[in-house]
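Asks: I am sharing data.cif, which consists of mmCIF, C-alpha atoms and all ligand atoms:
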```cif
data_start
#
loop_
_atom_site.label_atom_id
_atom_site.label_comp_id
_atom_site.auth_asym_id
_atom_site.auth_seq_id
_atom_site.Cartn_x
_atom_site.Cartn_y
_atom_site.Cartn_z
CA MET I 17 106.31 32.17 151.00
CA ASP I 18 109.29 34.28 149.95
CA ARG I 19 110.61 33.73 146.46
CA LEU I 20 113.90 32.42 145.08
CA LEU I 21 114.73 33.00 141.45
CA THR I 22 117.62 31.86 139.31
CA GLY I 23 118.52 31.02 135.72
CA LEU I 24 121.36 29.18 133.98
CA GLN I 25 122.06 30.08 130.37
CA PRO I 26 121.69 27.33 127.75
CA SER I 27 124.99 28.48 126.25
CA GLY I 28 126.47 24.98 126.53
CA ALA I 29 126.34 21.96 128.81
CA LEU I 30 126.12 22.73 132.53
CA THR I 31 129.35 22.58 134.54
CA ILE I 32 130.21 21.64 138.10
CA GLY I 33 130.54 25.41 138.66
CA ASN I 34 126.90 25.90 137.67
CA TYR I 35 126.02 23.07 140.04
CA ALA I 36 127.91 24.67 142.94
CA GLY I 37 126.76 28.26 142.39
CA GLY I 38 123.22 27.69 141.17
CA ILE I 39 121.57 24.28 141.07
CA SER I 40 122.71 22.92 144.44
CA GLN I 41 121.36 25.98 146.22
CA ILE I 42 117.96 25.58 144.57
CA VAL I 43 117.90 21.93 145.59
CA ASN I 44 118.80 22.83 149.18
CA TYR I 45 116.18 25.55 149.55
CA GLN I 46 113.35 24.43 147.25
CA LYS I 47 111.10 23.38 150.13
CA ASP I 48 111.48 26.66 151.98
CA TYR I 49 110.75 29.12 149.16
CA GLU I 50 108.55 29.55 146.13
CA THR I 51 111.10 28.95 143.37
CA PHE I 52 111.29 30.47 139.90
CA LEU I 53 113.83 28.53 137.88
CA PHE I 54 114.13 29.56 134.26
CA VAL I 55 116.29 28.96 131.22
CA PRO I 56 117.63 32.34 130.00
CA ASP I 57 117.79 31.60 126.29
CA MET I 58 117.56 35.34 125.54
CA HIS I 59 120.73 35.89 127.54
CA ALA I 60 122.47 33.09 125.66
CA ILE I 61 122.24 34.91 122.31
CA THR I 62 124.27 37.85 123.63
CA VAL I 63 127.12 35.82 122.12
CA PRO I 64 126.72 33.77 118.92
CA GLN I 65 124.75 30.50 119.29
CA ASP I 66 123.91 27.70 116.89
CA PRO I 67 120.05 27.60 116.81
CA GLU I 68 119.79 23.79 116.82
CA ALA I 69 122.22 23.51 119.70
CA LEU I 70 120.36 26.22 121.59
CA HIS I 71 117.05 24.32 121.33
CA ARG I 72 118.77 21.16 122.51
CA ASN I 73 120.62 22.87 125.36
CA ILE I 74 117.36 24.33 126.69
CA ILE I 75 115.71 20.94 127.08
CA ASN I 76 118.91 19.31 128.33
CA ALA I 77 119.26 22.00 130.98
CA ILE I 78 115.76 21.36 132.32
CA ALA I 79 116.41 17.62 132.42
CA MET I 80 119.68 18.23 134.24
CA TYR I 81 118.10 20.49 136.89
CA ILE I 82 115.62 17.73 137.64
CA ALA I 83 118.28 15.01 137.58
CA CYS I 84 120.28 17.04 140.12
CA GLY I 85 117.34 17.03 142.51
CA VAL I 86 115.11 19.97 141.55
CA ASP I 87 111.59 18.66 142.21
CA PRO I 88 109.14 19.76 139.47
CA ASP I 89 106.25 18.23 141.43
CA LEU I 90 106.52 20.69 144.30
CA GLU I 91 103.59 23.04 144.16
CA ASN I 92 105.89 26.01 144.76
CA MET I 93 108.34 25.12 141.92
CA HIS I 94 107.97 26.95 138.59
CA ILE I 95 110.26 26.00 135.72
CA TYR I 96 110.04 28.01 132.49
CA ILE I 97 111.85 29.35 129.44
CA GLN I 98 112.64 33.07 129.45
CA SER I 99 111.71 33.68 125.79
CA GLU I 100 108.25 32.16 126.37
CA ASN I 101 107.42 35.14 128.54
CA LEU I 102 107.47 38.39 126.58
CA TYR I 103 107.31 40.57 129.68
CA HIS I 104 111.01 40.00 130.33
CA ALA I 105 111.97 41.83 127.13
CA ASN I 106 109.37 44.55 127.68
CA LEU I 107 110.58 45.36 131.16
CA SER I 108 114.18 45.08 130.06
CA TRP I 109 113.60 47.88 127.54
CA ILE I 110 112.18 50.12 130.26
CA PHE I 111 115.21 49.35 132.42
CA GLU I 112 117.57 50.13 129.53
CA CYS I 113 115.99 53.56 129.46
CA HIS I 114 116.72 53.99 133.17
CA THR I 115 120.33 52.75 133.28
CA PRO I 116 123.32 54.99 132.57
CA HIS I 117 125.41 53.41 129.80
CA GLY I 118 128.55 53.60 131.94
CA ASP I 119 126.96 51.41 134.62
CA LEU I 120 126.69 48.64 132.02
CA THR I 121 130.10 48.94 130.37
CA ARG I 122 131.90 48.78 133.72
CA MET I 123 130.43 45.34 134.54
CA HIS I 124 133.07 42.61 134.95
CA GLN I 125 131.18 40.16 132.75
CA PHE I 126 130.81 42.69 129.94
CA LYS I 127 134.54 43.43 130.02
CA ALA I 128 135.49 39.74 130.09
CA LYS I 129 133.09 38.57 127.37
CA SER I 130 133.52 41.54 125.02
CA ALA I 131 137.28 40.95 125.12
CA LEU I 132 136.78 37.43 123.74
CA HIS I 133 135.22 38.58 120.47
CA GLU I 134 136.36 41.00 117.79
CA THR I 135 133.03 42.76 117.90
CA PHE I 136 130.26 42.48 120.45
CA THR I 137 126.54 43.08 120.35
CA GLU I 138 124.50 45.71 122.16
CA GLY I 139 122.82 42.78 123.91
CA LEU I 140 126.07 41.97 125.68
CA VAL I 141 126.08 45.51 127.03
CA THR I 142 122.43 45.55 128.14
CA TYR I 143 122.48 41.98 129.54
CA PRO I 144 122.23 43.19 133.18
CA ASP I 145 119.03 45.14 132.42
CA LEU I 146 117.41 41.99 131.09
CA MET I 147 118.64 40.13 134.15
CA ALA I 148 117.16 42.83 136.38
CA ALA I 149 113.84 42.36 134.59
CA ASP I 150 114.06 38.56 135.07
CA ILE I 151 114.40 39.10 138.81
CA LEU I 152 112.22 42.11 139.53
CA LEU I 153 109.16 40.86 137.62
CA TYR I 154 108.69 38.22 140.30
CA ASP I 155 109.45 40.08 143.54
CA ALA I 156 112.25 37.60 144.24
CA LYS I 157 113.75 37.93 147.70
CA TYR I 158 116.88 35.88 146.96
CA VAL I 159 118.83 35.15 143.80
CA PRO I 160 120.98 32.02 144.27
CA THR I 161 124.14 32.62 142.28
CA GLY I 162 127.90 32.29 142.07
CA ILE I 163 130.12 35.27 142.86
CA ASP I 164 130.39 36.17 139.14
CA GLN I 165 126.78 37.39 139.02
CA LYS I 166 126.88 39.38 142.26
CA GLN I 167 127.55 42.64 140.43
CA HIS I 168 124.53 42.09 138.18
CA VAL I 169 122.26 41.43 141.15
CA GLU I 170 123.57 44.65 142.64
CA LEU I 171 122.57 46.49 139.48
CA ALA I 172 119.08 44.98 139.80
CA ARG I 173 118.95 46.16 143.42
CA ASN I 174 119.95 49.68 142.42
CA LEU I 175 117.39 49.77 139.63
CA ALA I 176 114.65 48.61 142.03
CA ILE I 177 115.59 51.25 144.59
CA ARG I 178 115.80 54.04 142.03
CA PHE I 179 112.56 52.99 140.36
CA ASN I 180 110.74 52.82 143.68
CA ASN I 181 112.00 56.28 144.63
CA ARG I 182 110.88 57.77 141.36
CA TYR I 183 107.57 55.99 140.73
CA GLY I 184 106.45 54.61 144.12
CA GLU I 185 106.89 51.16 145.69
CA ILE I 186 106.77 48.72 142.78
CA PHE I 187 109.67 46.31 143.15
CA ARG I 188 111.00 44.16 145.95
CA VAL I 189 114.74 44.77 146.37
CA PRO I 190 116.43 41.36 145.85
CA GLU I 191 119.55 39.96 147.49
CA PRO I 192 122.11 37.61 146.03
CA MET I 193 122.35 34.22 147.75
CA ILE I 194 125.96 33.17 147.40
CA PRO I 195 127.14 29.80 148.72
CA THR I 196 129.86 29.86 151.38
CA ILE I 197 131.71 27.09 149.52
CA GLY I 198 131.78 26.90 145.72
CA ALA I 199 130.84 30.49 144.84
CA LYS I 200 133.63 30.49 142.27
CA ILE I 201 134.75 27.13 140.92
CA ARG I 202 137.85 27.83 138.91
CA ASP I 203 138.90 26.87 135.39
CA LEU I 204 140.98 23.66 135.66
CA GLN I 205 143.56 24.87 133.13
CA ASN I 206 143.69 28.49 134.24
CA PRO I 207 142.74 28.72 137.91
CA GLU I 208 142.95 32.51 137.83
CA GLN I 209 139.63 32.42 135.94
CA LYS I 210 136.26 30.98 136.85
CA MET I 211 135.07 27.77 135.18
CA SER I 212 132.54 28.50 132.40
CA LYS I 213 130.28 26.37 130.28
CA SER I 214 131.01 28.42 127.16
CA THR I 215 134.76 27.83 127.41
CA THR I 216 136.69 27.16 124.22
CA ASN I 217 139.01 24.76 126.05
CA PRO I 218 137.11 21.56 126.83
CA LYS I 219 139.79 20.49 129.35
CA ALA I 220 139.03 23.58 131.45
CA SER I 221 135.53 22.62 132.59
CA VAL I 222 133.93 19.48 133.98
CA PHE I 223 130.45 19.15 132.54
CA LEU I 224 127.69 17.43 134.48
CA SER I 225 127.21 15.20 131.43
CA ASP I 226 130.88 14.15 131.10
CA THR I 227 131.71 10.43 131.15
CA GLU I 228 133.60 9.01 134.11
CA LYS I 229 136.69 8.78 131.93
CA GLN I 230 136.46 12.44 130.88
CA ILE I 231 135.91 13.60 134.45
CA ARG I 232 138.93 11.69 135.73
CA LYS I 233 141.14 12.83 132.87
CA LYS I 234 140.24 16.51 133.28
CA ILE I 235 140.70 16.53 137.04
CA MET I 236 143.96 14.54 136.92
CA SER I 237 145.38 17.11 134.47
CA ALA I 238 144.20 20.17 136.42
CA VAL I 239 146.83 22.91 136.73
CA THR I 240 148.16 23.30 140.30
CA ASP I 241 151.52 24.76 141.36
CA SER I 242 155.03 23.55 142.02
CA ASP I 243 155.43 23.81 145.79
CA GLY I 244 153.79 20.46 146.52
CA VAL I 245 151.98 21.59 149.68
CA ILE I 246 148.27 20.95 150.18
CA LYS I 247 146.63 23.88 151.90
CA PHE I 248 143.68 26.19 151.27
CA ASP I 249 144.99 29.56 150.08
CA GLU I 250 142.93 30.92 147.18
CA GLU I 251 145.23 33.82 146.47
CA ASN I 252 148.56 32.02 146.35
CA LYS I 253 147.40 28.49 145.54
CA PRO I 254 144.26 28.89 143.40
CA GLY I 255 144.61 25.51 141.64
CA VAL I 256 144.97 23.44 144.83
CA SER I 257 142.32 25.50 146.64
CA ASN I 258 139.97 24.89 143.73
CA LEU I 259 140.46 21.13 143.99
CA LEU I 260 139.78 21.27 147.73
CA THR I 261 136.65 23.33 147.05
CA ILE I 262 135.37 20.88 144.44
CA TYR I 263 136.00 18.03 146.86
CA SER I 264 134.09 19.86 149.57
CA VAL I 265 131.10 20.63 147.29
CA PHE I 266 130.85 17.10 145.96
CA SER I 267 131.58 15.13 149.14
CA GLY I 268 129.60 17.44 151.44
CA CYS I 269 132.47 17.94 153.91
CA SER I 270 133.92 21.26 155.08
CA ILE I 271 137.07 22.79 153.58
CA GLU I 272 138.88 22.12 156.89
CA ASP I 273 137.98 18.42 156.70
CA ALA I 274 139.07 18.29 153.06
CA VAL I 275 142.44 19.81 153.97
CA ALA I 276 142.82 17.41 156.93
CA LYS I 277 142.11 14.45 154.66
CA PHE I 278 144.69 15.31 151.99
CA GLU I 279 147.41 17.37 153.71
CA GLY I 280 150.83 15.78 153.78
CA GLY I 281 150.02 13.75 150.64
CA GLY I 282 150.82 14.43 146.99
CA TYR I 283 148.76 16.33 144.43
CA GLY I 284 148.08 13.04 142.60
CA ASP I 285 146.21 11.65 145.63
CA LEU I 286 144.27 14.89 146.03
CA LYS I 287 143.22 14.83 142.38
CA LYS I 288 142.20 11.19 142.60
CA GLY I 289 140.11 11.93 145.71
CA VAL I 290 138.42 14.86 143.97
CA ALA I 291 137.72 12.81 140.84
CA ASP I 292 136.22 9.98 142.97
CA ALA I 293 133.91 12.44 144.78
CA VAL I 294 132.71 14.05 141.53
CA VAL I 295 132.19 10.69 139.81
CA GLU I 296 130.31 9.31 142.81
CA LYS I 297 127.91 12.23 142.73
CA LEU I 298 127.47 12.58 138.98
CA MET I 299 127.02 8.99 137.83
CA PRO I 300 123.60 8.61 139.53
CA VAL I 301 122.67 12.12 138.31
CA GLN I 302 123.34 11.02 134.75
CA GLU I 303 121.18 7.90 135.16
CA GLU I 304 118.40 10.11 136.45
CA TYR I 305 118.95 12.52 133.55
CA ASN I 306 118.32 9.74 131.03
CA LYS I 307 115.13 8.79 132.84
CA VAL I 308 113.88 12.39 132.80
CA ILE I 309 114.56 12.72 129.07
CA GLU I 310 112.75 9.43 128.41
CA SER I 311 109.81 10.34 130.67
CA GLY I 312 108.49 12.84 128.09
CA ARG I 313 107.41 15.14 130.96
CA ILE I 314 109.48 18.18 130.14
CA ASN I 315 106.96 19.81 127.82
CA GLU I 316 104.21 19.55 130.38
CA ILE I 317 106.46 21.04 133.11
CA LEU I 318 107.39 23.93 130.82
CA ASP I 319 103.78 24.57 129.78
CA GLU I 320 102.79 24.91 133.42
CA GLY I 321 105.78 27.16 134.11
CA ARG I 322 104.99 29.36 131.13
CA GLU I 323 101.37 29.85 132.24
CA PHE I 324 102.29 30.66 135.81
CA SER I 325 105.24 32.94 135.08
CA ASN I 326 103.22 34.89 132.51
CA LYS I 327 100.45 35.41 135.02
CA ILE I 328 102.76 36.80 137.70
CA ALA I 329 104.81 38.87 135.24
CA ALA I 330 101.70 40.38 133.61
CA GLU I 331 100.58 41.78 136.97
CA LYS I 332 103.91 43.38 137.69
CA TYR I 333 104.31 44.72 134.17
CA GLU I 334 100.89 46.35 134.36
CA GLN I 335 102.00 48.28 137.44
CA VAL I 336 105.19 49.39 135.71
CA ARG I 337 103.42 50.34 132.50
CA LYS I 338 101.08 52.64 134.38
CA ALA I 339 103.88 54.06 136.51
CA VAL I 340 106.01 55.10 133.53
CA GLY I 341 103.01 56.45 131.59
CA PHE I 342 102.78 53.88 128.75
CA GLY I 343 99.54 53.37 126.86
CA ARG I 344 96.18 54.34 128.31
CA ILE I 345 95.27 54.84 131.95
P1 LIG A 1 128.71 31.24 130.26
O1 LIG A 1 130.15 30.90 130.05
O2 LIG A 1 127.88 30.99 129.05
O3 LIG A 1 128.48 32.61 130.84
P2 LIG A 1 128.49 30.12 132.89
O4 LIG A 1 129.14 28.82 133.20
O5 LIG A 1 129.14 31.37 133.38
O6 LIG A 1 128.19 30.17 131.34
P3 LIG A 1 125.87 31.14 133.55
O7 LIG A 1 124.68 30.61 132.82
O8 LIG A 1 126.41 32.46 133.14
O9 LIG A 1 127.01 30.02 133.47
O10 LIG A 1 125.54 31.18 135.10
C1 LIG A 1 124.61 30.26 135.68
C2 LIG A 1 124.78 30.24 137.18
O11 LIG A 1 125.97 29.52 137.51
C3 LIG A 1 124.94 31.62 137.81
O12 LIG A 1 124.28 31.60 139.05
C4 LIG A 1 126.42 31.76 138.01
O13 LIG A 1 126.75 32.64 139.06
C5 LIG A 1 126.79 30.33 138.35
N1 LIG A 1 128.19 30.06 137.99
C6 LIG A 1 128.72 30.14 136.76
N2 LIG A 1 130.00 29.77 136.78
C7 LIG A 1 130.29 29.46 138.06
C8 LIG A 1 131.47 29.01 138.73
N3 LIG A 1 132.58 28.83 138.05
N4 LIG A 1 131.41 28.78 140.06
C9 LIG A 1 130.26 28.97 140.75
N5 LIG A 1 129.11 29.40 140.19
C10 LIG A 1 129.12 29.63 138.85
MG MG A 2 128.25 33.24 132.85
#
```
For the file at hand, write its structure as structure tokens.
Replies:
Amino acid sequence: MDRLLTGLQPSGALTIGNYAGGISQIVNYQKDYETFLFVPDMHAITVPQDPEALHRNIINAIAMYIACGVDPDLENMHIYIQSENLYHANLSWIFECHTPHGDLTRMHQFKAKSALHETFTEGLVTYPDLMAADILLYDAKYVPTGIDQKQHVELARNLAIRFNNRYGEIFRVPEPMIPTIGAKIRDLQNPEQKMSKSTTNPKASVFLSDTEKQIRKKIMSAVTDSDGVIKFDEENKPGVSNLLTIYSVFSGCSIEDAVAKFEGGGYGDLKKGVADAVVEKLMPVQEEYNKVIESGRINEILDEGREFSNKIAAEKYEQVRKAVGFGRI
């Protein structure tokens, strides 16, 4: 079975963007691939985190994946925490020593996130090397992701190709798996930007754990434009196009059908329709989430994931260690 691999940082509560770009793809393809789904807590500390909140967010993220439909009982599903597998950091270091600095500082995410803070850490620069290690340790064929991470997957591809050329065939060259609809859910208050879970403006993102009231309020106050026409045009009408996209992701209909349903009406009706679709999907997810938390199963799922991921990663790391000349033959 080919492998899928993806991770969602525990840098806050998961958003509907994370659902569209990451979780929903895993749910759709989990029966067709061996899936490695991990919580990248090491990535999260590239920007400051509160330790207590980080612990909590890790467990909440796992519960939310499952509540959204990820099936931990599938034999081919492996759910684990990045920091519980030391091979990620080891391989990341080797990759750091094979990546030109300029390749890292020209990454879109580095530029965007470093601009938000007065100073930034070296970890924010080397983030894509750690991400390459996350992926390449497991010979993943596809990496389900939103458009924002495409550049990082490309860096992982380049590293794999360069490494293979220099040291022999070691890594499988991965490909991003980007959804046709929902690859970039936009910030509700600034539709030029993508929605993010670590936003400082709570009105900008809809979290999967938001109450019905919060969801409706945020969507009803989403920024649109002043021409009053409902059509899908991401460049000139990013706010309206975003609402149509969210509707499409959460109702399961195509963008064309979403436009046909709302065109000719006002923005208020569009927003109400979008809010209804999101609420209808998320309320049962939240009920399921509470059940997962109460089930007490998360530790057992993570123990299994840790064992399995360490076993696979150890084999790959051993190949790399020998190839680069570390330790003893
Ligand atoms: P942060 O603000 O901490 O970076 P984030 O919301 O960007 O959080 P990540 O953990 O960086 O989330 O990314 C998790 C997954 O969600 C990735 O596959 C990413 O491509 C996807 N993703 C993130 N934001 C969006 C979005 N707005 N639309 C679609 N996919 C998204
Ligand atoms: Mg992100």
Asks: Report as an MDAnalysis selection string which protein, DNA and RNA residues come within 7 Å of ligand LIG 1 (chain A), using all atoms listed in the file.
Replies: chainID I and resid 22:28 30:31 33:38 60 160:165 198:202 210:215
Asks: As an exercise, work out the distance from atom CA of Ile32 of chain I to atom CA of Gly280 of chain I in Å and give it to one decimal place.
Replies: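 These atoms are spaced 26.6 Å apart.
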Asks: Nearest to ligand MG 2 (chain A) among I:Ala79, I:Ala220, I:Val63, I:Leu90, with distances taken over only C-alpha atoms and all ligand atoms: which residue is it?
Replies: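 Among the listed residues, the smallest separation from ligand MG 2 (chain A) belongs to I:Val63.
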Asks: Could you pull the residues within 8 Å of Leu53 of chain I, counting all atoms listed in the file, minus those fewer than 6 positions along the same chain, as a PyMOL selection string?
Replies: chain I and resi 21-23+93-96
Asks: I'd like the contact shell of Tyr263 of chain I - 8 Å cut-off, all atoms listed in the file, skipping same-chain residues fewer than 4 positions apart - returned as an MDAnalysis selection string.
Replies: chainID I and resid 259 267:269 274 289:290 293:294
Asks: From the options I:Tyr81, I:Tyr103, I:Lys129, I:Val275, which residue's atoms come nearest to ligand MG 2 (chain A), counting only C-alpha atoms and all ligand atoms?
Replies: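 Smallest distance to ligand MG 2 (chain A) is found for I:Lys129.
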Asks: So which one's closest to Glu112 of chain I, I:Glu134, I:Glu100, I:Asp145, I:Asp241? Using all atoms listed in the file, please.
Replies: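 Going through I:Glu134, I:Glu100, I:Asp145, I:Asp241 one by one, the smallest distance to Glu112 of chain I is for I:Asp145.
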Asks: Of the candidates I:Thr196, I:Asn306, I:Asn174, I:Thr62, which one gets nearest to His133 of chain I if we count all atoms listed in the file?
Replies: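 Selected residue with least distance to His133 of chain I: I:Thr62.
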Asks: So how far away is atom CA of Pro195 of chain I from atom CA of Lys219 of chain I, in Å?
Replies: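 Separation between atom CA of Lys219 of chain I and atom CA of Pro195 of chain I: 24.9 Å.
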Asks: Can you work out the spacing between atom CA of Asn92 of chain I and atom CA of Ser325 of chain I in Å, to one decimal?
Replies: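 Atom-to-atom, atom CA of Asn92 of chain I and atom CA of Ser325 of chain I are spaced 11.9 Å apart.
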